[in-house]
>>> print(open('structure.tsv').read())   # TSV, C-alpha atoms and all ligand atoms
chain	number	residue	atom	x	y	z
A	30	GLY	CA	13.99	-4.92	-76.53
A	31	ILE	CA	13.82	-1.60	-78.36
A	32	LYS	CA	10.07	-1.93	-78.80
A	33	ASP	CA	9.53	-2.32	-75.04
A	34	ARG	CA	11.62	0.73	-74.31
A	35	THR	CA	9.73	2.82	-76.82
A	36	ALA	CA	6.48	1.68	-75.29
A	37	GLU	CA	7.89	2.55	-71.86
A	38	ALA	CA	8.88	6.06	-72.95
A	39	GLN	CA	5.48	6.62	-74.51
A	40	ASN	CA	3.65	5.49	-71.40
A	41	PRO	CA	2.14	8.61	-69.77
A	42	ASN	CA	3.52	7.33	-66.44
A	43	ALA	CA	7.07	6.86	-67.72
A	44	ARG	CA	8.74	9.30	-65.31
A	45	THR	CA	6.81	7.92	-62.33
A	46	ILE	CA	7.84	4.40	-63.30
A	47	GLU	CA	11.46	5.47	-63.69
A	48	VAL	CA	11.61	6.96	-60.18
A	49	LEU	CA	9.78	4.00	-58.62
A	50	GLN	CA	12.22	1.68	-60.40
A	51	SER	CA	15.18	3.52	-58.83
A	52	MET	CA	13.53	3.13	-55.45
A	53	CYS	CA	13.05	-0.57	-56.20
A	54	ASP	CA	16.74	-0.83	-57.18
A	55	TYR	CA	17.63	0.67	-53.81
A	56	TYR	CA	15.48	-1.89	-51.97
A	57	ASN	CA	17.20	-4.57	-54.03
A	58	ARG	CA	20.56	-3.33	-52.78
A	59	ILE	CA	19.47	-3.46	-49.17
A	60	ASP	CA	17.66	-6.73	-49.74
A	61	ASP	CA	14.24	-5.52	-48.58
A	62	THR	CA	12.17	-8.34	-50.13
A	63	TRP	CA	8.73	-7.03	-49.20
A	64	ARG	CA	9.27	-3.56	-50.61
A	65	ILE	CA	10.87	-4.95	-53.77
A	66	LEU	CA	7.69	-6.94	-54.37
A	67	ALA	CA	5.37	-4.01	-53.59
A	68	TYR	CA	7.27	-1.72	-55.97
A	69	ARG	CA	7.36	-4.32	-58.77
A	70	LYS	CA	3.62	-4.82	-58.55
A	71	ALA	CA	2.93	-1.09	-58.51
A	72	ILE	CA	5.23	-0.53	-61.51
A	73	SER	CA	3.52	-3.25	-63.46
A	74	THR	CA	0.09	-1.72	-62.67
A	75	LEU	CA	1.26	1.72	-63.83
A	76	ARG	CA	2.64	0.23	-67.08
A	77	ARG	CA	-0.83	-0.97	-67.96
A	78	GLN	CA	-2.41	2.51	-67.61
A	79	SER	CA	-3.17	4.51	-70.72
A	80	VAL	CA	-3.63	7.79	-68.84
A	81	LYS	CA	-1.30	9.61	-66.50
A	82	ILE	CA	-1.99	8.90	-62.85
A	83	THR	CA	-1.55	12.22	-61.05
A	84	THR	CA	-3.20	12.03	-57.64
A	85	GLU	CA	-2.95	9.84	-54.58
A	86	GLU	CA	-6.65	8.92	-54.88
A	87	GLU	CA	-6.34	7.80	-58.52
A	88	ALA	CA	-3.29	5.70	-57.68
A	89	PHE	CA	-4.87	4.13	-54.63
A	90	SER	CA	-7.94	3.07	-56.65
A	91	LEU	CA	-5.72	0.90	-58.89
A	92	PRO	CA	-4.89	-2.74	-58.09
A	93	ASN	CA	-1.71	-3.50	-56.10
A	94	ILE	CA	-1.04	0.10	-55.07
A	95	GLY	CA	-1.25	0.74	-51.34
A	96	PRO	CA	-1.71	4.07	-49.56
A	97	ARG	CA	2.00	4.76	-49.06
A	98	LEU	CA	2.93	4.08	-52.68
A	99	ALA	CA	-0.07	6.11	-53.83
A	100	GLU	CA	1.24	9.04	-51.81
A	101	LYS	CA	4.68	8.63	-53.37
A	102	ILE	CA	3.23	8.57	-56.90
A	103	GLU	CA	1.58	11.96	-56.28
A	104	GLU	CA	4.87	13.30	-54.86
A	105	ILE	CA	6.73	12.21	-58.03
A	106	VAL	CA	4.13	13.83	-60.30
A	107	ASN	CA	4.23	17.09	-58.33
A	108	THR	CA	7.96	17.41	-57.73
A	109	ASN	CA	9.46	15.17	-60.46
A	110	LYS	CA	11.40	13.34	-57.73
A	111	LEU	CA	11.12	11.40	-54.50
A	112	LYS	CA	12.57	12.65	-51.23
A	113	ARG	CA	12.91	9.10	-49.93
A	114	LEU	CA	15.01	8.16	-52.96
A	115	GLU	CA	17.38	11.08	-52.52
A	116	TYR	CA	17.73	10.07	-48.91
A	117	ALA	CA	18.46	6.48	-49.94
A	118	ASN	CA	21.05	7.41	-52.56
A	119	GLY	CA	22.53	10.63	-51.26
A	120	GLU	CA	24.15	12.05	-48.15
A	121	PRO	CA	23.33	9.29	-45.69
A	122	LEU	CA	25.63	6.96	-47.63
A	123	ASP	CA	28.48	9.35	-46.88
A	124	GLN	CA	27.58	9.03	-43.23
A	125	VAL	CA	27.52	5.24	-43.51
A	126	LEU	CA	30.96	5.34	-45.12
A	127	GLU	CA	32.22	7.64	-42.39
A	128	THR	CA	30.94	5.27	-39.71
A	129	PHE	CA	32.42	2.17	-41.35
A	130	LEU	CA	35.80	3.91	-41.76
A	131	LYS	CA	35.89	4.49	-38.00
A	132	ILE	CA	35.95	0.74	-37.35
A	133	TYR	CA	39.50	-0.26	-36.37
A	134	GLY	CA	41.48	-1.49	-39.37
A	135	VAL	CA	38.76	-0.77	-41.94
A	136	GLY	CA	39.83	1.13	-45.05
A	137	ILE	CA	37.97	2.70	-47.95
A	138	SER	CA	37.72	-0.42	-50.13
A	139	ARG	CA	36.41	-2.62	-47.30
A	140	ALA	CA	33.86	0.05	-46.29
A	141	ASN	CA	32.66	0.55	-49.87
A	142	LYS	CA	32.35	-3.17	-50.37
A	143	TRP	CA	30.08	-3.44	-47.35
A	144	ILE	CA	27.96	-0.54	-48.64
A	145	SER	CA	27.60	-2.18	-52.04
A	146	GLN	CA	26.50	-5.35	-50.26
A	147	GLY	CA	23.67	-3.30	-48.77
A	148	PHE	CA	24.97	-2.91	-45.20
A	149	ARG	CA	24.09	0.43	-43.63
A	150	THR	CA	24.61	0.13	-39.88
A	151	LEU	CA	27.04	-1.47	-37.45
A	152	ASP	CA	24.20	-3.80	-36.53
A	153	ASP	CA	23.86	-4.84	-40.22
A	154	LEU	CA	27.56	-5.73	-40.17
A	155	LYS	CA	27.29	-7.64	-36.91
A	156	THR	CA	24.32	-9.71	-38.03
A	157	LYS	CA	24.94	-10.13	-41.78
A	158	ALA	CA	28.59	-9.53	-42.74
A	159	ASN	CA	31.46	-11.97	-42.57
A	160	LEU	CA	33.71	-10.22	-40.06
A	161	SER	CA	37.31	-10.80	-39.05
A	162	THR	CA	38.15	-11.01	-35.35
A	163	ASN	CA	39.58	-7.49	-35.41
A	164	GLN	CA	36.59	-6.03	-37.24
A	165	LEU	CA	34.33	-7.57	-34.61
A	166	ILE	CA	36.42	-6.00	-31.83
A	167	GLY	CA	36.26	-2.67	-33.67
A	168	ILE	CA	32.47	-2.89	-33.84
A	169	ASP	CA	31.85	-4.24	-30.33
A	170	HIS	CA	34.01	-1.47	-28.82
A	171	PHE	CA	33.22	1.14	-31.46
A	172	ASP	CA	32.41	3.99	-29.07
A	173	ASP	CA	35.34	3.36	-26.73
A	174	LEU	CA	37.87	3.03	-29.53
A	175	ASN	CA	36.65	6.24	-31.15
A	176	THR	CA	36.92	8.23	-27.94
A	177	ARG	CA	40.09	10.22	-27.39
A	178	ILE	CA	42.08	9.39	-24.27
A	179	PRO	CA	42.66	12.25	-21.82
A	180	ARG	CA	46.35	13.01	-21.25
A	181	SER	CA	46.12	12.06	-17.56
A	182	GLU	CA	44.81	8.61	-18.48
A	183	VAL	CA	47.52	8.07	-21.13
A	184	ALA	CA	50.03	8.80	-18.36
A	185	ALA	CA	48.28	6.43	-15.93
A	186	LEU	CA	48.13	3.64	-18.52
A	187	GLY	CA	51.82	4.20	-19.30
A	188	ASP	CA	52.68	4.09	-15.59
A	189	PHE	CA	50.80	0.84	-15.18
A	190	VAL	CA	52.90	-0.80	-17.92
A	191	LYS	CA	56.14	0.79	-16.65
A	192	ASN	CA	55.47	-0.56	-13.16
A	193	GLU	CA	54.95	-4.13	-14.38
A	194	ALA	CA	57.87	-3.87	-16.81
A	195	CYS	CA	60.21	-2.71	-14.06
A	196	LYS	CA	59.30	-5.73	-11.91
A	197	LEU	CA	60.17	-8.05	-14.82
A	198	ASP	CA	63.36	-6.31	-15.91
A	199	PRO	CA	64.51	-3.05	-14.30
A	200	SER	CA	66.95	-2.38	-17.15
A	201	VAL	CA	64.14	-1.97	-19.68
A	202	GLU	CA	63.14	1.65	-20.47
A	203	LEU	CA	59.66	2.72	-21.55
A	204	LEU	CA	58.64	6.03	-23.05
A	205	ILE	CA	55.26	7.24	-24.29
A	206	GLY	CA	55.68	8.57	-27.82
A	207	GLY	CA	53.09	9.67	-30.39
A	208	SER	CA	50.83	12.62	-29.77
A	209	TYR	CA	51.43	12.33	-26.00
A	210	ARG	CA	55.12	13.13	-26.44
A	211	ARG	CA	54.12	16.08	-28.61
A	212	GLY	CA	52.22	17.38	-25.60
A	213	ALA	CA	48.68	16.64	-26.80
A	214	GLY	CA	45.86	17.12	-24.32
A	215	SER	CA	44.29	13.90	-25.54
A	216	SER	CA	45.46	11.00	-27.70
A	217	GLY	CA	43.92	8.51	-30.07
A	218	ASP	CA	46.03	5.71	-28.62
A	219	ILE	CA	49.03	5.02	-26.40
A	220	ASP	CA	52.33	4.54	-28.25
A	221	LEU	CA	54.81	2.91	-25.88
A	222	ILE	CA	58.41	2.75	-27.05
A	223	ILE	CA	60.34	-0.01	-25.29
A	224	THR	CA	64.13	-0.23	-25.31
A	225	LYS	CA	67.02	-1.61	-23.25
A	226	LYS	CA	70.62	-0.63	-22.75
A	227	GLY	CA	73.07	-2.48	-25.01
A	228	THR	CA	70.53	-3.84	-27.50
A	229	THR	CA	71.28	-3.71	-31.24
A	230	SER	CA	68.30	-5.68	-32.55
A	231	SER	CA	64.65	-5.58	-31.62
A	232	SER	CA	64.68	-9.38	-31.45
A	233	GLU	CA	66.68	-9.04	-28.22
A	234	LEU	CA	63.58	-7.46	-26.65
A	235	ILE	CA	61.16	-10.17	-27.72
A	236	PRO	CA	61.80	-12.43	-24.69
A	237	PHE	CA	60.90	-9.45	-22.50
A	238	LEU	CA	57.73	-8.77	-24.53
A	239	GLU	CA	56.79	-12.43	-24.20
A	240	GLN	CA	56.94	-12.04	-20.41
A	241	LEU	CA	55.24	-8.66	-20.37
A	242	LEU	CA	52.20	-9.61	-22.47
A	243	PRO	CA	50.94	-12.49	-20.28
A	244	THR	CA	51.64	-10.46	-17.14
A	245	LEU	CA	49.59	-7.51	-18.37
A	246	THR	CA	46.85	-9.85	-19.58
A	247	ALA	CA	46.68	-11.63	-16.20
A	248	LYS	CA	46.33	-8.26	-14.47
A	249	GLY	CA	43.30	-7.50	-16.62
A	250	PHE	CA	45.15	-4.68	-18.38
A	251	LEU	CA	45.48	-6.14	-21.88
A	252	VAL	CA	42.10	-7.24	-23.23
A	253	ALA	CA	42.69	-7.87	-26.95
A	254	THR	CA	45.46	-8.44	-29.48
A	255	LEU	CA	44.99	-6.77	-32.87
A	256	ALA	CA	48.39	-7.29	-34.46
A	257	ALA	CA	51.61	-8.86	-33.32
A	258	LEU	CA	54.53	-8.55	-35.72
A	259	HIS	CA	57.64	-10.22	-34.42
A	260	SER	CA	60.95	-9.47	-36.06
A	261	GLN	CA	62.53	-12.84	-35.29
A	262	ARG	CA	61.90	-14.29	-38.71
A	263	HIS	CA	63.25	-11.14	-40.34
A	264	GLY	CA	66.53	-11.44	-38.47
A	265	LYS	CA	68.65	-8.52	-37.34
A	266	ASP	CA	67.76	-6.33	-40.30
A	267	GLY	CA	64.02	-6.84	-40.08
A	268	PRO	CA	61.53	-4.16	-39.16
A	269	GLY	CA	61.14	-3.24	-35.49
A	270	SER	CA	58.82	-5.46	-33.54
A	271	LYS	CA	55.44	-4.09	-32.71
A	272	TRP	CA	52.37	-5.25	-30.91
A	273	HIS	CA	48.97	-3.61	-31.32
A	274	GLY	CA	46.08	-4.25	-29.00
A	275	CYS	CA	43.58	-2.92	-26.51
A	276	CYS	CA	43.88	-2.24	-22.81
A	277	VAL	CA	41.81	-1.02	-19.88
A	278	LEU	CA	42.97	0.59	-16.68
A	279	PRO	CA	41.99	-1.85	-13.92
A	280	SER	CA	40.43	-0.45	-10.74
A	281	SER	CA	41.32	3.15	-11.31
A	282	THR	CA	40.05	6.33	-9.72
A	283	LEU	CA	39.82	8.00	-13.12
A	284	PRO	CA	36.43	8.94	-14.60
A	285	ASN	CA	36.50	6.18	-17.25
A	286	PRO	CA	37.76	3.06	-15.49
A	287	ASN	CA	36.47	0.45	-17.92
A	288	LYS	CA	36.98	2.06	-21.30
A	289	TRP	CA	38.84	0.06	-23.93
A	290	ARG	CA	41.88	1.94	-25.21
A	291	ARG	CA	44.17	1.30	-28.17
A	292	ILE	CA	47.77	0.59	-27.22
A	293	ASP	CA	50.86	0.07	-29.41
A	294	LEU	CA	53.99	-1.49	-27.96
A	295	LEU	CA	57.06	-0.78	-30.04
A	296	LEU	CA	60.29	-2.72	-29.49
A	297	VAL	CA	63.32	-0.62	-30.37
A	298	PRO	CA	66.99	-1.54	-29.91
A	299	LYS	CA	69.08	1.16	-28.25
A	300	SER	CA	71.19	1.45	-31.42
A	301	GLU	CA	68.10	2.68	-33.32
A	302	TYR	CA	66.47	4.59	-30.48
A	303	GLY	CA	66.98	8.10	-31.88
A	304	ALA	CA	65.53	7.31	-35.29
A	305	ALA	CA	62.64	5.43	-33.68
A	306	LEU	CA	61.95	8.38	-31.36
A	307	ILE	CA	61.68	10.69	-34.35
A	308	TYR	CA	59.39	8.29	-36.18
A	309	PHE	CA	57.09	7.40	-33.30
A	310	THR	CA	56.84	10.98	-32.08
A	311	GLY	CA	55.64	12.25	-35.43
A	312	ASN	CA	53.48	13.71	-36.46
A	313	ASP	CA	53.21	11.88	-39.77
A	314	ILE	CA	53.54	15.10	-41.80
A	315	PHE	CA	56.66	16.11	-39.86
A	316	ASN	CA	58.10	12.64	-40.51
A	317	ARG	CA	57.40	12.94	-44.22
A	318	SER	CA	59.15	16.29	-44.44
A	319	MET	CA	62.20	14.94	-42.54
A	320	ARG	CA	62.40	11.98	-44.91
A	321	LEU	CA	62.07	14.19	-47.94
A	322	LEU	CA	64.81	16.45	-46.62
A	323	ALA	CA	67.11	13.45	-46.06
A	324	SER	CA	66.37	12.23	-49.56
A	325	LYS	CA	67.20	15.66	-51.04
A	326	LYS	CA	70.56	15.49	-49.28
A	327	GLY	CA	71.30	12.07	-50.78
A	328	MET	CA	70.53	10.35	-47.51
A	329	ARG	CA	67.69	8.19	-46.26
A	330	LEU	CA	65.81	8.42	-42.98
A	331	ASN	CA	63.56	5.68	-41.65
A	332	GLN	CA	62.49	4.49	-38.20
A	333	ARG	CA	65.81	2.63	-37.81
A	334	GLY	CA	68.34	5.23	-38.75
A	335	LEU	CA	69.80	7.85	-41.06
A	336	TYR	CA	71.78	6.38	-43.97
A	337	LYS	CA	74.15	7.97	-46.49
A	338	GLU	CA	75.41	7.05	-49.94
A	339	VAL	CA	72.07	5.60	-50.84
A	340	MET	CA	72.13	4.78	-54.52
A	341	ARG	CA	69.00	5.75	-56.33
A	342	GLY	CA	67.78	4.73	-59.73
A	343	PRO	CA	65.14	6.41	-61.89
A	344	GLY	CA	62.32	8.10	-59.97
A	345	ARG	CA	64.42	8.22	-56.78
A	346	ALA	CA	63.95	4.46	-56.40
A	347	LYS	CA	66.34	3.13	-53.81
A	348	VAL	CA	69.02	0.80	-55.23
A	349	THR	CA	71.18	0.22	-52.14
A	350	GLU	CA	70.54	0.59	-48.42
A	351	GLY	CA	73.46	2.92	-47.93
A	352	GLN	CA	75.66	3.20	-44.91
A	353	LEU	CA	74.27	3.91	-41.45
A	354	VAL	CA	75.28	7.38	-40.28
A	355	GLU	CA	73.26	7.70	-37.09
A	356	GLY	CA	70.48	5.76	-35.38
A	357	ARG	CA	71.07	6.10	-31.67
A	358	ASP	CA	70.78	9.82	-31.01
A	359	GLU	CA	67.72	11.87	-31.91
A	360	ARG	CA	69.50	15.24	-31.71
A	361	ARG	CA	72.44	14.00	-33.83
A	362	ILE	CA	70.06	13.05	-36.62
A	363	PHE	CA	68.70	16.61	-36.67
A	364	GLU	CA	72.29	17.96	-36.69
A	365	ILE	CA	73.50	15.73	-39.53
A	366	LEU	CA	70.46	16.68	-41.58
A	367	GLY	CA	71.24	20.32	-40.88
A	368	VAL	CA	67.86	20.93	-39.23
A	369	LYS	CA	67.54	23.06	-36.13
A	370	TRP	CA	66.42	20.92	-33.18
A	371	ARG	CA	62.69	20.91	-32.66
A	372	GLU	CA	61.17	19.95	-29.34
A	373	PRO	CA	58.49	17.26	-29.69
A	374	ALA	CA	55.86	19.88	-28.84
A	375	ASP	CA	56.89	21.77	-32.01
A	376	ARG	CA	56.50	18.80	-34.34
A	377	TRP	CA	52.85	19.19	-35.22
A	378	CYS	CA	53.84	19.55	-38.84
A	401	LIG	N1	53.37	7.53	-38.10
A	401	LIG	C1	53.79	7.96	-39.34
A	401	LIG	N2	53.07	7.65	-40.45
A	401	LIG	C2	51.95	6.92	-40.34
A	401	LIG	C3	51.51	6.49	-39.09
A	401	LIG	C4	52.25	6.80	-37.98
A	401	LIG	O1	54.81	8.64	-39.44
A	401	LIG	N3	51.25	6.62	-41.43
A	401	LIG	C5	54.15	7.90	-36.92
A	401	LIG	C6	53.87	9.34	-36.55
A	401	LIG	C7	52.90	9.24	-35.43
A	401	LIG	C8	53.35	7.97	-34.74
A	401	LIG	O2	53.79	7.11	-35.79
A	401	LIG	O3	52.96	10.36	-34.58
A	401	LIG	C9	52.27	7.31	-33.94
A	401	LIG	O4	51.16	7.02	-34.76
A	401	LIG	P1	49.68	7.27	-34.26
A	401	LIG	O5	48.78	6.77	-35.34
A	401	LIG	O6	49.49	6.68	-32.91
A	401	LIG	O7	49.53	8.86	-34.26
A	401	LIG	P2	49.68	9.94	-33.10
A	401	LIG	O8	50.14	9.30	-31.83
A	401	LIG	O9	50.53	11.03	-33.65
A	401	LIG	O10	48.22	10.52	-32.91
A	401	LIG	P3	47.00	9.89	-32.07
A	401	LIG	O11	46.77	10.80	-30.92
A	401	LIG	O12	45.86	9.89	-33.01
A	401	LIG	O13	47.40	8.51	-31.65
A	402	MG	MG	49.21	7.63	-31.06
A	403	MN	MN	49.71	4.45	-32.44
>>> encode(input="structure.tsv", output="structure tokens")
Amino acid sequence: GIKDRTAEAQNPNARTIEVLQSMCDYYNRIDDTWRILAYRKAISTLRRQSVKITTEEEAFSLPNIGPRLAEKIEEIVNTNKLKRLEYANGEPLDQVLETFLKIYGVGISRANKWISQGFRTLDDLKTKANLSTNQLIGIDHFDDLNTRIPRSEVAALGDFVKNEACKLDPSVELLIGGSYRRGAGSSGDIDLIITKKGTTSSSELIPFLEQLLPTLTAKGFLVATLAALHSQRHGKDGPGSKWHGCCVLPSSTLPNPNKWRRIDLLLVPKSEYGAALIYFTGNDIFNRSMRLLASKKGMRLNQRGLYKEVMRGPGRAKVTEGQLVEGRDERRIFEILGVKWREPADRWC
């Protein structure tokens, strides 16, 4: 109660107790049972003192205060703080957050939740956290999946898929989009756009994907599935089908033959190919500016096409889909929007 707090404030060791208590709170967060106990005992000893304890020797002579805590008590008295506490509460947490955010599929809220649960390392997560299959893949292959892929390997991985795809169905076309199409020297993943002459719905490409996936898996190329969104249940107007996973280049002569790489397979009907090319070539900022431009001209651009006569309500909220103007031809979409053609290599923003 109030009386206790007054007594606490009047204790000559109040500041020392306060800092030790913060340290104890930290050990509570990381569930360090032994240190929690040691700190509690030391705090309770200090509370019973009627004089200020200022040196390591004085502290060590008291019951339940070991040499390390005695040293810390002197540090608090001399500097009014504790380096170890700043370390526990400060910068390193940012580094923990940064590390957790690099795990595939982990966002800010997930990462912060783990931190508040006291997890600090990937090993903590592996041994103590309840992980999804994908999070486990992201942790087990953390280094590989956070390594950029040299352009030559992106090309080799793409060729491997193209070769198998051609054997299954020579009329299927594959193109590497994303940063590779923009000419990047290295990529975060491989974005493979898959299409076929005469298709008007991505669902028409699903039978092919269902042949391709087991083939690539049997060859040791595909090693994990992270997300598989099929458009079948959405019907003709559903979102394009995509498959996200990991691959390795089997028996290659490249420097990194066994590295796990992220690969996205994107099924796109020929009728939407141009819009999909724009979207999957990016970059994301360029895409945003193209969409904004379309919206300013009363049109709408997405990964399936450019639409006109889109009715918008308050706050530019879309009321109707509008009428498809162009989906097939990338250059035509630029023309209709009144934007000078930009080569993929000039779409970095
Ligand atoms: N994209 C987008 N908005 C997003 C995510 C993606 O417009 N929020 C588009 C633009 C990207 C393309 O999809 O260029 C592919 O996405 P990636 O995440 O694979 O990005 P990049 O291929 O551009 O870069 P990286 O080398 O990191 O893979
Ligand atoms: Mg990419
Ligand atoms: Mn991608």
>>> closest_residue(input="structure.tsv", among="A:Gly303, A:Pro298, A:Gly351, A:Gly367", to="A:Lys326", atoms="all atoms listed in the file")
A:Gly367
>>> atom_distance(input="structure.tsv", atom1="atom CA of A:Asn107", atom2="atom CA of A:Ser73")
21.0 Å
>>> atom_distance(input="structure.tsv", atom1="atom C5 of ligand LIG 401 (chain A)", atom2="atom CA of A:Thr244")
27.1 Å
>>> residues_near_ligand(input="structure.tsv", ligand="ligand LIG 401 (chain A)", cutoff="6 Å", atoms="only C-alpha atoms and all ligand atoms", output="NGL selection string")
:A and (207-208 or 216-218 or 220 or 308-313 or 316)
>>> closest_residue(input="structure.tsv", among="A:Lys131, A:Lys225, A:Lys248, A:Arg290", to="ligand MN 403 (chain A)", atoms="all atoms listed in the file")
A:Arg290
>>> closest_residue(input="structure.tsv", among="A:Pro243, A:Tyr209, A:Arg291, A:Glu355", to="A:Thr176", atoms="only C-alpha atoms")
A:Arg291
>>> atom_distance(input="structure.tsv", atom1="atom CA of A:Arg361", atom2="atom CA of A:Arg341")
24.2 Å
>>> closest_residue(input="structure.tsv", among="A:Ala194, A:Leu98, A:Leu241, A:Ile168", to="A:Ile72", atoms="only C-alpha atoms")
A:Leu98
>>> residues_around(input="structure.tsv", residues="A:Gln332", least_positions_apart="4", cutoff="8 Å", atoms="only C-alpha atoms", output="PDB file with C-alpha atoms, in the coordinates of the input")
ATOM      1  CA  GLU A 301      68.100   2.680 -33.320  1.00  0.00           C
ATOM      2  CA  ALA A 304      65.530   7.310 -35.290  1.00  0.00           C
ATOM      3  CA  ALA A 305      62.640   5.430 -33.680  1.00  0.00           C
ATOM      4  CA  LEU A 306      61.950   8.380 -31.360  1.00  0.00           C
ATOM      5  CA  ILE A 307      61.680  10.690 -34.350  1.00  0.00           C
ATOM      6  CA  TYR A 308      59.390   8.290 -36.180  1.00  0.00           C
ATOM      7  CA  PHE A 309      57.090   7.400 -33.300  1.00  0.00           C
TER       8      PHE A 309
END
>>> residues_around(input="structure.tsv", residues="A:Leu353", least_positions_apart="4", cutoff="8 Å", atoms="all atoms listed in the file", output="number ranges by chain")
A: 334-337
>>> write_last_selection(input="structure.tsv", atoms="C-alpha atoms", output="mmCIF file, in the coordinates of the input")
data_model
loop_
_atom_site.group_PDB
_atom_site.id
_atom_site.type_symbol
_atom_site.label_atom_id
_atom_site.label_comp_id
_atom_site.auth_asym_id
_atom_site.auth_seq_id
_atom_site.Cartn_x
_atom_site.Cartn_y
_atom_site.Cartn_z
ATOM 1 C CA GLY A 334 68.340 5.230 -38.750
ATOM 2 C CA LEU A 335 69.800 7.850 -41.060
ATOM 3 C CA TYR A 336 71.780 6.380 -43.970
ATOM 4 C CA LYS A 337 74.150 7.970 -46.490
#
>>> closest_residue(input="structure.tsv", among="A:Lys347, A:Lys142, A:Arg211, A:Arg376", to="ligand MG 402 (chain A)", atoms="all atoms listed in the file")
A:Arg211
>>> residues_around(input="structure.tsv", residues="A:Thr84", least_positions_apart="4", cutoff="10 Å", atoms="only C-alpha atoms", output="count of residues only")
11
>>> axis_aligned_box(input="structure.tsv", around="stretch 173-190 of chain A", padding_each_side="8 Å", output="lines of an AutoDock Vina configuration file")
center_x = 44.1
center_y = 6.1
center_z = -23.2
size_x = 33.6
size_y = 29.8
size_z = 32.0
>>> residues_around(input="structure.tsv", residues="A:Arg329", least_positions_apart="6", cutoff="12 Å", atoms="all atoms listed in the file", output="ChimeraX atom specification")
/A:304,317-323,335-341,345-356,362,365-366
>>> closest_residue(input="structure.tsv", among="A:Glu359, A:His170, A:Pro373, A:Ile205", to="A:Cys276", atoms="only C-alpha atoms")
A:His170
